[in-house]
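This is input-v8.tsv (TSV, C-alpha atoms).
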chain	number	residue	atom	x	y	z
A	411	MET	CA	0.00	0.00	0.00
A	412	ALA	CA	1.57	3.30	-1.08
A	413	ILE	CA	-0.12	5.66	1.37
A	414	PRO	CA	0.86	5.23	5.04
A	415	PRO	CA	-2.10	4.65	7.30
A	416	PRO	CA	-3.28	7.32	9.72
A	417	SER	CA	-1.72	6.59	13.09
A	418	SER	CA	-5.12	6.66	14.79
A	419	GLU	CA	-6.56	3.97	12.52
A	420	THR	CA	-8.76	1.38	14.20
A	421	LEU	CA	-8.81	-2.32	13.42
A	422	ALA	CA	-12.13	-1.88	11.61
A	423	GLU	CA	-10.68	0.86	9.41
A	424	LEU	CA	-7.65	-1.25	8.63
A	425	ALA	CA	-9.95	-4.19	7.81
A	426	THR	CA	-11.91	-2.03	5.38
A	427	ARG	CA	-8.69	-0.94	3.69
A	428	VAL	CA	-7.37	-4.52	3.38
A	429	PHE	CA	-10.67	-5.92	2.10
A	430	ASP	CA	-11.01	-3.09	-0.38
A	431	GLN	CA	-7.55	-3.74	-1.79
A	432	LEU	CA	-8.05	-7.50	-2.12
A	433	HIS	CA	-11.59	-7.12	-3.44
A	434	ARG	CA	-10.25	-4.93	-6.27
A	435	MET	CA	-7.44	-7.35	-7.11
A	436	LEU	CA	-9.64	-10.39	-7.65
A	437	PRO	CA	-11.49	-9.25	-10.82
A	438	SER	CA	-8.20	-8.07	-12.37
A	439	TYR	CA	-7.22	-11.75	-12.86
A	440	GLU	CA	-10.54	-12.87	-14.32
A	441	SER	CA	-9.82	-12.53	-18.01
A	442	GLY	CA	-6.44	-14.25	-17.64
A	443	ALA	CA	-7.97	-17.08	-15.62
A	444	LEU	CA	-10.69	-17.53	-18.24
A	445	ARG	CA	-7.99	-17.79	-20.93
A	446	GLY	CA	-6.19	-20.42	-18.86
A	447	ASP	CA	-3.20	-18.20	-18.15
A	448	GLN	CA	-1.08	-19.94	-15.48
A	449	GLU	CA	0.09	-16.74	-13.76
A	450	ALA	CA	-3.43	-15.30	-13.56
A	451	ILE	CA	-4.81	-18.54	-12.10
A	452	HIS	CA	-2.01	-18.67	-9.54
A	453	ASP	CA	-2.40	-15.00	-8.57
A	454	MET	CA	-6.16	-15.30	-8.29
A	455	ARG	CA	-5.77	-18.34	-6.04
A	456	VAL	CA	-3.30	-16.48	-3.82
A	457	THR	CA	-5.70	-13.53	-3.58
A	458	ALA	CA	-8.54	-15.87	-2.57
A	459	ARG	CA	-6.29	-17.26	0.17
A	460	LYS	CA	-5.39	-13.76	1.36
A	461	LEU	CA	-9.08	-12.93	1.58
A	462	ARG	CA	-9.74	-16.01	3.72
A	463	VAL	CA	-6.87	-15.10	6.04
A	464	ALA	CA	-8.14	-11.53	6.28
A	465	MET	CA	-11.58	-12.83	7.19
A	466	SER	CA	-10.09	-14.87	10.03
A	467	ASN	CA	-7.93	-12.00	11.25
A	468	PHE	CA	-10.68	-9.39	11.10
A	469	ALA	CA	-13.51	-11.67	12.24
A	470	PRO	CA	-14.60	-9.30	15.05
A	471	CYS	CA	-15.28	-6.66	12.38
A	472	LEU	CA	-17.68	-8.84	10.39
A	473	SER	CA	-21.14	-10.21	10.95
A	474	VAL	CA	-21.14	-13.96	11.54
A	475	GLU	CA	-23.55	-14.60	8.67
A	476	LEU	CA	-21.59	-12.56	6.11
A	477	ARG	CA	-18.34	-14.15	7.19
A	478	ARG	CA	-19.65	-17.72	6.93
A	479	ARG	CA	-21.30	-17.07	3.58
A	480	THR	CA	-18.25	-15.41	2.05
A	481	MET	CA	-15.87	-18.06	3.39
A	482	SER	CA	-17.81	-20.87	1.74
A	483	GLN	CA	-18.03	-18.88	-1.50
A	484	LEU	CA	-14.27	-18.31	-1.43
A	485	THR	CA	-13.75	-22.05	-0.92
A	486	LEU	CA	-15.60	-22.74	-4.19
A	487	LEU	CA	-13.33	-20.27	-6.01
A	488	ALA	CA	-10.17	-21.66	-4.42
A	489	ASP	CA	-11.16	-25.25	-5.29
A	490	ALA	CA	-11.93	-24.40	-8.94
A	491	LEU	CA	-8.61	-22.57	-9.32
A	492	GLY	CA	-6.67	-25.17	-7.36
A	493	ARG	CA	-7.69	-28.06	-9.63
A	494	VAL	CA	-6.09	-26.32	-12.59
A	495	ARG	CA	-3.12	-24.91	-10.67
A	496	ASP	CA	-2.10	-28.25	-9.14
A	497	ILE	CA	-1.85	-29.76	-12.63
A	498	ASP	CA	0.21	-26.79	-13.85
A	499	VAL	CA	2.68	-27.34	-11.00
A	500	MET	CA	2.88	-31.04	-11.76
A	501	LEU	CA	3.42	-30.47	-15.49
A	502	GLU	CA	6.28	-28.08	-14.71
A	503	SER	CA	7.85	-30.67	-12.46
A	504	LEU	CA	7.43	-33.42	-15.07
A	505	THR	CA	9.09	-31.29	-17.74
A	506	ALA	CA	12.13	-30.91	-15.51
A	507	ILE	CA	12.19	-34.67	-14.80
A	508	GLU	CA	11.76	-35.57	-18.50
A	509	GLU	CA	14.85	-33.61	-19.46
A	510	SER	CA	17.03	-35.76	-17.20
A	511	LEU	CA	15.75	-39.12	-18.54
A	512	PRO	CA	16.97	-41.34	-21.39
A	513	ARG	CA	14.88	-41.08	-24.55
A	514	THR	CA	12.86	-44.28	-24.11
A	515	ARG	CA	11.80	-43.26	-20.62
A	516	ARG	CA	11.04	-39.76	-21.78
A	517	ASP	CA	8.39	-41.10	-24.19
A	518	MET	CA	6.64	-42.90	-21.33
A	519	ILE	CA	6.59	-39.79	-19.18
A	520	ALA	CA	5.36	-37.79	-22.17
A	521	ASP	CA	2.27	-40.04	-22.20
A	522	LEU	CA	1.61	-39.12	-18.56
A	523	GLY	CA	2.06	-35.46	-19.50
A	524	ALA	CA	-0.53	-35.83	-22.27
A	525	ARG	CA	-3.02	-37.35	-19.83
A	526	LEU	CA	-2.44	-34.53	-17.38
A	527	ARG	CA	-2.97	-31.91	-20.09
A	528	ARG	CA	-6.28	-33.53	-21.00
A	529	ARG	CA	-7.26	-33.38	-17.36
A	530	ARG	CA	-6.20	-29.75	-17.20
A	531	ARG	CA	-8.43	-28.88	-20.17
A	532	TYR	CA	-11.35	-30.48	-18.39
A	533	HIS	CA	-10.74	-28.54	-15.15
A	534	GLN	CA	-10.12	-25.33	-17.09
A	535	ARG	CA	-13.56	-25.70	-18.71
A	536	ARG	CA	-15.08	-26.15	-15.27
A	537	LEU	CA	-13.22	-23.09	-14.02
A	538	GLY	CA	-14.64	-21.10	-16.93
A	539	LEU	CA	-18.17	-22.25	-16.09
A	540	TYR	CA	-17.65	-21.24	-12.48
A	541	LEU	CA	-16.27	-17.77	-13.31
A	542	ARG	CA	-19.18	-17.07	-15.63
A	543	GLY	CA	-21.72	-18.48	-13.20
A	544	GLU	CA	-23.91	-17.38	-10.34
A	545	ASP	CA	-21.62	-18.64	-7.54
A	546	TYR	CA	-18.80	-16.31	-8.58
A	547	ALA	CA	-21.22	-13.39	-9.03
A	548	ASN	CA	-22.50	-14.06	-5.50
A	549	LEU	CA	-18.95	-14.04	-4.18
A	550	LYS	CA	-18.27	-10.63	-5.74
A	551	ARG	CA	-21.45	-9.27	-4.16
A	552	SER	CA	-20.45	-10.64	-0.77
A	553	LEU	CA	-17.00	-9.05	-1.06
A	554	SER	CA	-18.55	-5.66	-1.86
A	555	GLU	CA	-20.74	-6.07	1.18
A	556	LEU	CA	-17.65	-6.89	3.28
A	557	VAL	CA	-15.94	-3.67	2.24
A	558	GLN	CA	-19.03	-1.61	3.02
A	559	THR	CA	-19.76	-3.17	6.40
A	560	ALA	CA	-16.36	-4.04	7.89
A	561	GLY	CA	-16.04	-0.65	9.50
A	562	ALA	CA	-19.52	-0.70	10.96
A	563	GLN	CA	-19.27	-3.60	13.45
A	564	ILE	CA	-18.32	-3.38	17.08
A	565	GLY	CA	-17.86	-7.12	17.53
A	566	ASN	CA	-20.12	-10.16	17.83
A	567	GLY	CA	-22.07	-8.95	14.84
A	568	GLN	CA	-23.31	-5.84	16.59
A	569	THR	CA	-23.34	-2.63	14.60
A	570	VAL	CA	-22.13	0.72	15.99
B	91	MET	CA	-6.92	-28.88	7.10
B	92	ALA	CA	-6.61	-27.44	10.61
B	93	LYS	CA	-8.74	-24.36	11.26
B	94	PRO	CA	-7.03	-21.07	12.09
B	95	PHE	CA	-6.68	-20.17	15.77
B	96	LYS	CA	-9.36	-17.75	16.86
B	97	ILE	CA	-8.14	-14.22	17.54
B	98	LYS	CA	-9.14	-13.31	21.09
B	99	LYS	CA	-9.41	-10.02	22.93
B	100	VAL	CA	-9.59	-7.77	19.90
B	101	SER	CA	-12.39	-5.41	19.04
B	102	PRO	CA	-13.08	-3.40	15.88
B	103	VAL	CA	-12.49	-0.14	17.77
B	104	ASP	CA	-9.06	-1.16	19.06
B	105	PRO	CA	-6.13	0.83	17.69
B	106	ALA	CA	-4.83	-1.11	14.69
B	107	PRO	CA	-1.24	-1.41	16.03
B	108	ARG	CA	-2.40	-3.03	19.28
B	109	ALA	CA	-4.79	-5.41	17.52
B	110	SER	CA	-2.18	-6.33	14.91
B	111	VAL	CA	0.23	-7.48	17.65
B	112	ARG	CA	-2.44	-9.83	19.04
B	113	ILE	CA	-3.26	-11.16	15.60
B	114	LEU	CA	0.35	-11.76	14.57
B	115	ARG	CA	1.25	-13.39	17.89
B	116	THR	CA	-1.75	-15.72	17.50
B	117	ARG	CA	-0.70	-16.63	13.97
B	118	LEU	CA	2.86	-17.25	15.14
B	119	ARG	CA	1.65	-19.51	17.96
B	120	GLU	CA	-0.58	-21.34	15.49
B	121	PHE	CA	2.36	-21.84	13.09
B	122	TYR	CA	4.47	-23.48	15.79
B	123	SER	CA	1.63	-25.61	17.14
B	124	HIS	CA	1.64	-28.19	14.34
B	125	TRP	CA	5.17	-29.51	14.89
B	126	PRO	CA	5.87	-28.77	18.56
B	127	ASP	CA	8.78	-31.20	18.99
B	128	PRO	CA	11.40	-31.01	16.21
B	129	ASP	CA	12.79	-34.41	17.29
B	130	GLU	CA	9.46	-36.09	16.55
B	131	THR	CA	8.69	-36.97	12.92
B	132	PRO	CA	5.56	-35.10	11.90
B	133	THR	CA	2.72	-36.76	10.03
B	134	PRO	CA	1.96	-35.61	6.47
B	135	GLU	CA	-1.14	-33.90	7.87
B	136	GLN	CA	0.91	-31.97	10.43
B	137	LEU	CA	3.28	-30.78	7.70
B	138	HIS	CA	0.37	-29.76	5.49
B	139	ASN	CA	-1.23	-27.85	8.37
B	140	GLN	CA	2.04	-26.11	9.15
B	141	ARG	CA	2.40	-25.06	5.54
B	142	ILE	CA	-1.11	-23.57	5.58
B	143	SER	CA	-0.41	-21.79	8.89
B	144	GLY	CA	2.84	-20.46	7.45
B	145	LYS	CA	0.91	-18.92	4.57
B	146	ARG	CA	-1.59	-17.41	7.08
B	147	LEU	CA	1.29	-15.89	9.01
B	148	ARG	CA	2.91	-14.50	5.85
B	149	TYR	CA	-0.34	-13.06	4.47
B	150	SER	CA	-1.12	-11.56	7.87
B	151	ALA	CA	2.34	-9.96	7.92
B	152	GLU	CA	1.69	-8.48	4.46
B	153	ALA	CA	-1.64	-7.02	5.57
B	154	PHE	CA	-0.01	-5.27	8.55
B	155	ARG	CA	3.30	-4.32	6.99
B	156	ASP	CA	2.57	-0.57	7.03
B	157	LEU	CA	2.36	-0.75	10.81
B	158	PHE	CA	5.75	-2.49	11.14
B	159	PRO	CA	8.15	-0.88	8.63
B	160	ASP	CA	10.85	-3.41	7.62
B	161	ARG	CA	10.25	-5.75	10.56
B	162	LEU	CA	7.65	-7.91	8.90
B	163	ALA	CA	9.74	-8.13	5.74
B	164	LEU	CA	12.46	-9.55	8.00
B	165	LEU	CA	9.97	-12.04	9.49
B	166	ILE	CA	8.97	-13.20	6.03
B	167	ASP	CA	12.62	-13.63	5.01
B	168	LEU	CA	13.37	-15.67	8.13
B	169	LEU	CA	10.47	-18.03	7.41
B	170	LYS	CA	11.08	-18.26	3.67
B	171	ARG	CA	13.44	-21.24	3.40
B	172	GLN	CA	11.28	-23.38	5.68
B	173	GLN	CA	8.18	-22.44	3.72
B	174	ASP	CA	9.87	-23.16	0.37
B	175	LEU	CA	10.91	-26.61	1.59
B	176	LEU	CA	7.45	-27.35	2.93
B	177	GLY	CA	6.01	-26.34	-0.42
B	178	ALA	CA	8.40	-28.55	-2.36
B	179	ILE	CA	7.66	-31.52	-0.06
B	180	GLN	CA	3.91	-31.04	-0.36
B	181	ASP	CA	4.20	-30.82	-4.14
B	182	ILE	CA	6.06	-34.14	-4.16
B	183	VAL	CA	3.37	-35.75	-1.97
B	184	THR	CA	0.62	-34.51	-4.30
B	185	GLN	CA	2.44	-35.42	-7.48
B	186	ARG	CA	3.43	-38.83	-6.16
B	187	SER	CA	-0.19	-39.66	-5.46
B	188	VAL	CA	-1.17	-38.58	-8.99
B	189	VAL	CA	1.53	-40.81	-10.50
B	190	ALA	CA	0.62	-43.72	-8.18
B	191	LEU	CA	-3.00	-43.46	-9.29
B	192	ASP	CA	-1.94	-43.25	-12.93
B	193	LEU	CA	0.28	-46.31	-12.45
B	194	ALA	CA	-2.62	-48.28	-10.95
B	195	ARG	CA	-4.80	-47.32	-13.94
B	196	ARG	CA	-2.07	-48.22	-16.45
B	197	ARG	CA	-1.66	-51.63	-14.80
B	198	LEU	CA	-5.41	-52.25	-15.10
B	199	ALA	CA	-5.25	-51.16	-18.73
B	200	ARG	CA	-2.36	-53.65	-19.23
B	201	ALA	CA	-0.02	-50.95	-20.48
B	202	ARG	CA	3.41	-51.87	-21.86
B	203	ARG	CA	6.01	-53.09	-19.40
B	204	GLU	CA	8.31	-50.15	-20.26
B	205	GLU	CA	5.59	-47.67	-19.36
B	206	ILE	CA	4.90	-49.36	-16.01
B	207	THR	CA	8.63	-49.41	-15.22
B	208	ALA	CA	9.02	-45.73	-16.14
B	209	LEU	CA	6.19	-44.78	-13.78
B	210	GLU	CA	7.61	-46.99	-11.00
B	211	ASP	CA	11.01	-45.32	-11.46
B	212	LEU	CA	9.31	-41.94	-11.27
B	213	LEU	CA	7.78	-42.92	-7.91
B	214	THR	CA	11.20	-44.02	-6.67
B	215	SER	CA	12.73	-40.71	-7.71
B	216	TYR	CA	9.95	-38.83	-5.90
B	217	ASP	CA	10.64	-40.87	-2.75
B	218	ALA	CA	14.36	-40.12	-2.92
B	219	ARG	CA	13.76	-36.40	-3.42
B	220	HIS	CA	11.22	-36.37	-0.58
B	221	SER	CA	13.74	-37.95	1.77
B	222	GLU	CA	16.43	-35.42	0.81
B	223	LEU	CA	14.15	-32.41	1.29
B	224	PHE	CA	12.73	-33.74	4.56
B	225	THR	CA	16.22	-34.11	6.07
B	226	GLU	CA	16.93	-30.48	5.23
B	227	LEU	CA	13.56	-29.41	6.63
B	228	GLU	CA	14.21	-31.20	9.94
B	229	ASP	CA	17.52	-29.36	10.33
B	230	ILE	CA	15.96	-26.00	9.64
B	231	TRP	CA	13.03	-26.67	11.95
B	232	ARG	CA	15.34	-27.60	14.82
B	233	GLY	CA	16.97	-24.21	14.45
B	234	MET	CA	13.65	-22.40	14.22
B	235	SER	CA	12.35	-24.22	17.30
B	236	ARG	CA	15.13	-22.90	19.52
B	237	LYS	CA	14.03	-20.53	22.26
B	238	ARG	CA	16.13	-17.62	21.04
B	239	PHE	CA	14.83	-17.81	17.51
B	240	ARG	CA	11.23	-18.00	18.67
B	241	ALA	CA	11.84	-15.06	21.00
B	242	LEU	CA	13.24	-13.10	18.07
B	243	LEU	CA	10.15	-13.76	15.95
B	244	LYS	CA	7.87	-12.84	18.86
B	245	ASP	CA	9.78	-9.61	19.35
B	246	ILE	CA	9.48	-8.74	15.66
B	247	VAL	CA	5.68	-9.02	15.72
B	248	SER	CA	5.34	-7.18	19.04
B	249	ARG	CA	6.70	-3.79	18.01
B	250	PRO	CA	4.55	-1.82	15.63
B	251	VAL	CA	5.39	1.78	14.83
B	252	ARG	CA	4.85	4.18	17.70
B	253	PRO	CA	2.43	6.99	16.76
B	254	PRO	CA	4.11	10.40	16.24
B	255	ALA	CA	4.84	12.33	19.45
B	256	SER	CA	2.50	15.19	18.49
B	257	GLU	CA	-0.53	12.88	18.55
B	258	PRO	CA	-2.11	11.62	21.75
B	259	GLN	CA	-0.65	8.20	22.57
B	260	GLU	CA	-3.38	5.91	23.78
B	261	THR	CA	-1.05	2.96	24.34
B	262	THR	CA	2.62	2.77	25.19
B	263	GLN	CA	4.97	0.29	23.56
B	264	GLU	CA	5.02	-1.71	26.81
B	265	GLU	CA	1.23	-1.90	26.83
B	266	VAL	CA	1.26	-3.13	23.23
B	267	VAL	CA	3.85	-5.82	24.03
B	268	SER	CA	2.10	-6.96	27.18
B	269	GLY	CA	-1.34	-6.56	25.55
Show this structure as structure tokens.
Amino acid sequence: MAIPPPSSETLAELATRVFDQLHRMLPSYESGALRGDQEAIHDMRVTARKLRVAMSNFAPCLSVELRRRTMSQLTLLADALGRVRDIDVMLESLTAIEESLPRTRRDMIADLGARLRRRRRYHQRRLGLYLRGEDYANLKRSLSELVQTAGAQIGNGQTV
Amino acid sequence: MAKPFKIKKVSPVDPAPRASVRILRTRLREFYSHWPDPDETPTPEQLHNQRISGKRLRYSAEAFRDLFPDRLALLIDLLKRQQDLLGAIQDIVTQRSVVALDLARRRLARARREEITALEDLLTSYDARHSELFTELEDIWRGMSRKRFRALLKDIVSRPVRPPASEPQETTQEEVVSG
């Protein structure tokens, strides 16, 4: 964050700032993730994780219902991204292993690589369906609600 | 996956520096809770949980970094090698299970002997690499489990920036540390 925080900032104000930043980052990776771009999928997954951590850290600033709802929505996003990302990591690792093998063995590993790429295409299609679907739209709405309400709680779901 | 430790005794109206100390100390305690004795071999689940807690600690440090100029960057650096090793080990565990499943399927499909052997050799190479990385991880974790190192990390997360002198100071540094 480029601008230093005011020294009298409360936890709720800090929470609003953190959620706002993360909430803006998520959609910036959408088009890349839809294209199957490895970096975008990885970065989107990391951002989803950061949001979950923020929700645990700033739990007193959130209503119980909003927190539970958003957490389970984030899990759907993380799972959809993770299925593609885990295969990307494995394919990278296999490429490195292939290069160290004799030719005959390399052909066998190449078959495994082909199977993994087929699996990746399948999970990428499912990721695309998710990102264009209602679950992801609901998540974005919940995140907007988080940003708007994080500063308004005084703990245990009570509003100031 | 183990749930995060609950953050206690913080309220939305608390000054952010004071609350951030509580949160970071909780995350640090949580990180160390999964492998309490470095001389005991952890289960795969314990290692997985520690990796997740390490990410929680790092992401928490990033969220609060403006309150702790430079200190949290130091914390992240100190944890980095252990986290990288944990990540590499977890990747091997995941990838090994994918290859093992593929091998089982290829056997059922009566694949060529050369293909089965290649996959078996791949599993063996994963096991060897896992063993190598785990030995290095154990050494690093022994160091990180020492009292002095833990005290250093606790000190790093206990000292946010003091508000400027011209502004009313609601909490002293000692109150933040003892908070």
task = For Phe429 in chain A, please output as a ChimeraX atom specification all residues within 8 Å (counting only C-alpha atoms; exclusion window: fewer than 2 positions along the same chain).
result = /A:425-427,431-433,461,464,553,556-557
The residue from A:Asp453, A:Asp545, A:Glu508, A:Glu475 with the smallest atom-to-atom distance to Leu487 in chain A, counting all atoms listed in the file, is A:Asp545
Shell around range 167-169 of chain B at 12 Å using only C-alpha atoms, local window under 3 positions removed, as a ChimeraX atom specification | /B:118,121-122,140-141,143-145,147-148,151,160-164,172-176,227,230-231,233-235,239-240,242-243,246
The selected residues should be written to file as a JSON list (two decimals), keeping the file's coordinate frame (atoms: C-alpha atoms).
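The result, written out as result-v5.json:
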[["chain", "number", "residue", "atom", "x", "y", "z"],
["B", 118, "LEU", "CA", 2.86, -17.25, 15.14],
["B", 121, "PHE", "CA", 2.36, -21.84, 13.09],
["B", 122, "TYR", "CA", 4.47, -23.48, 15.79],
["B", 140, "GLN", "CA", 2.04, -26.11, 9.15],
["B", 141, "ARG", "CA", 2.40, -25.06, 5.54],
["B", 143, "SER", "CA", -0.41, -21.79, 8.89],
["B", 144, "GLY", "CA", 2.84, -20.46, 7.45],
["B", 145, "LYS", "CA", 0.91, -18.92, 4.57],
["B", 147, "LEU", "CA", 1.29, -15.89, 9.01],
["B", 148, "ARG", "CA", 2.91, -14.50, 5.85],
["B", 151, "ALA", "CA", 2.34, -9.96, 7.92],
["B", 160, "ASP", "CA", 10.85, -3.41, 7.62],
["B", 161, "ARG", "CA", 10.25, -5.75, 10.56],
["B", 162, "LEU", "CA", 7.65, -7.91, 8.90],
["B", 163, "ALA", "CA", 9.74, -8.13, 5.74],
["B", 164, "LEU", "CA", 12.46, -9.55, 8.00],
["B", 172, "GLN", "CA", 11.28, -23.38, 5.68],
["B", 173, "GLN", "CA", 8.18, -22.44, 3.72],
["B", 174, "ASP", "CA", 9.87, -23.16, 0.37],
["B", 175, "LEU", "CA", 10.91, -26.61, 1.59],
["B", 176, "LEU", "CA", 7.45, -27.35, 2.93],
["B", 227, "LEU", "CA", 13.56, -29.41, 6.63],
["B", 230, "ILE", "CA", 15.96, -26.00, 9.64],
["B", 231, "TRP", "CA", 13.03, -26.67, 11.95],
["B", 233, "GLY", "CA", 16.97, -24.21, 14.45],
["B", 234, "MET", "CA", 13.65, -22.40, 14.22],
["B", 235, "SER", "CA", 12.35, -24.22, 17.30],
["B", 239, "PHE", "CA", 14.83, -17.81, 17.51],
["B", 240, "ARG", "CA", 11.23, -18.00, 18.67],
["B", 242, "LEU", "CA", 13.24, -13.10, 18.07],
["B", 243, "LEU", "CA", 10.15, -13.76, 15.95],
["B", 246, "ILE", "CA", 9.48, -8.74, 15.66]]
Let me have the centre and edge lengths of the axis-aligned box enclosing all listed atoms of range 534-548 of chain A with 3 Å padding on every side, in Å to one decimal, as AutoDock Vina command-line options.
--center_x -17.0 --center_y -19.8 --center_z -12.1 --size_x 19.8 --size_y 18.8 --size_z 19.2
Distance cut-off 6 Å, counting all atoms listed in the file - which residues of chain B neighbour chain A? Return them as a compact mmCIF listing (two decimals) with C-alpha atoms, in the frame of the given file.
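Dumped everything to result03.txt:
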# COMPACT_ATOMS: atom_id res chain seq x y z
CA SER B 101 -12.39 -5.41 19.04
CA PRO B 102 -13.08 -3.40 15.88
CA VAL B 103 -12.49 -0.14 17.77
CA ASP B 104 -9.06 -1.16 19.06
CA PRO B 105 -6.13 0.83 17.69
CA ALA B 106 -4.83 -1.11 14.69
CA ARG B 146 -1.59 -17.41 7.08
CA TYR B 149 -0.34 -13.06 4.47
CA GLU B 205 5.59 -47.67 -19.36
CA ALA B 208 9.02 -45.73 -16.14
CA PRO B 253 2.43 6.99 16.76
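Shortest atom-to-atom contact with Ser554 in chain A among A:Leu444, A:Ile451, A:Leu436, A:Val474: A:Leu436, counting all atoms listed in the file.
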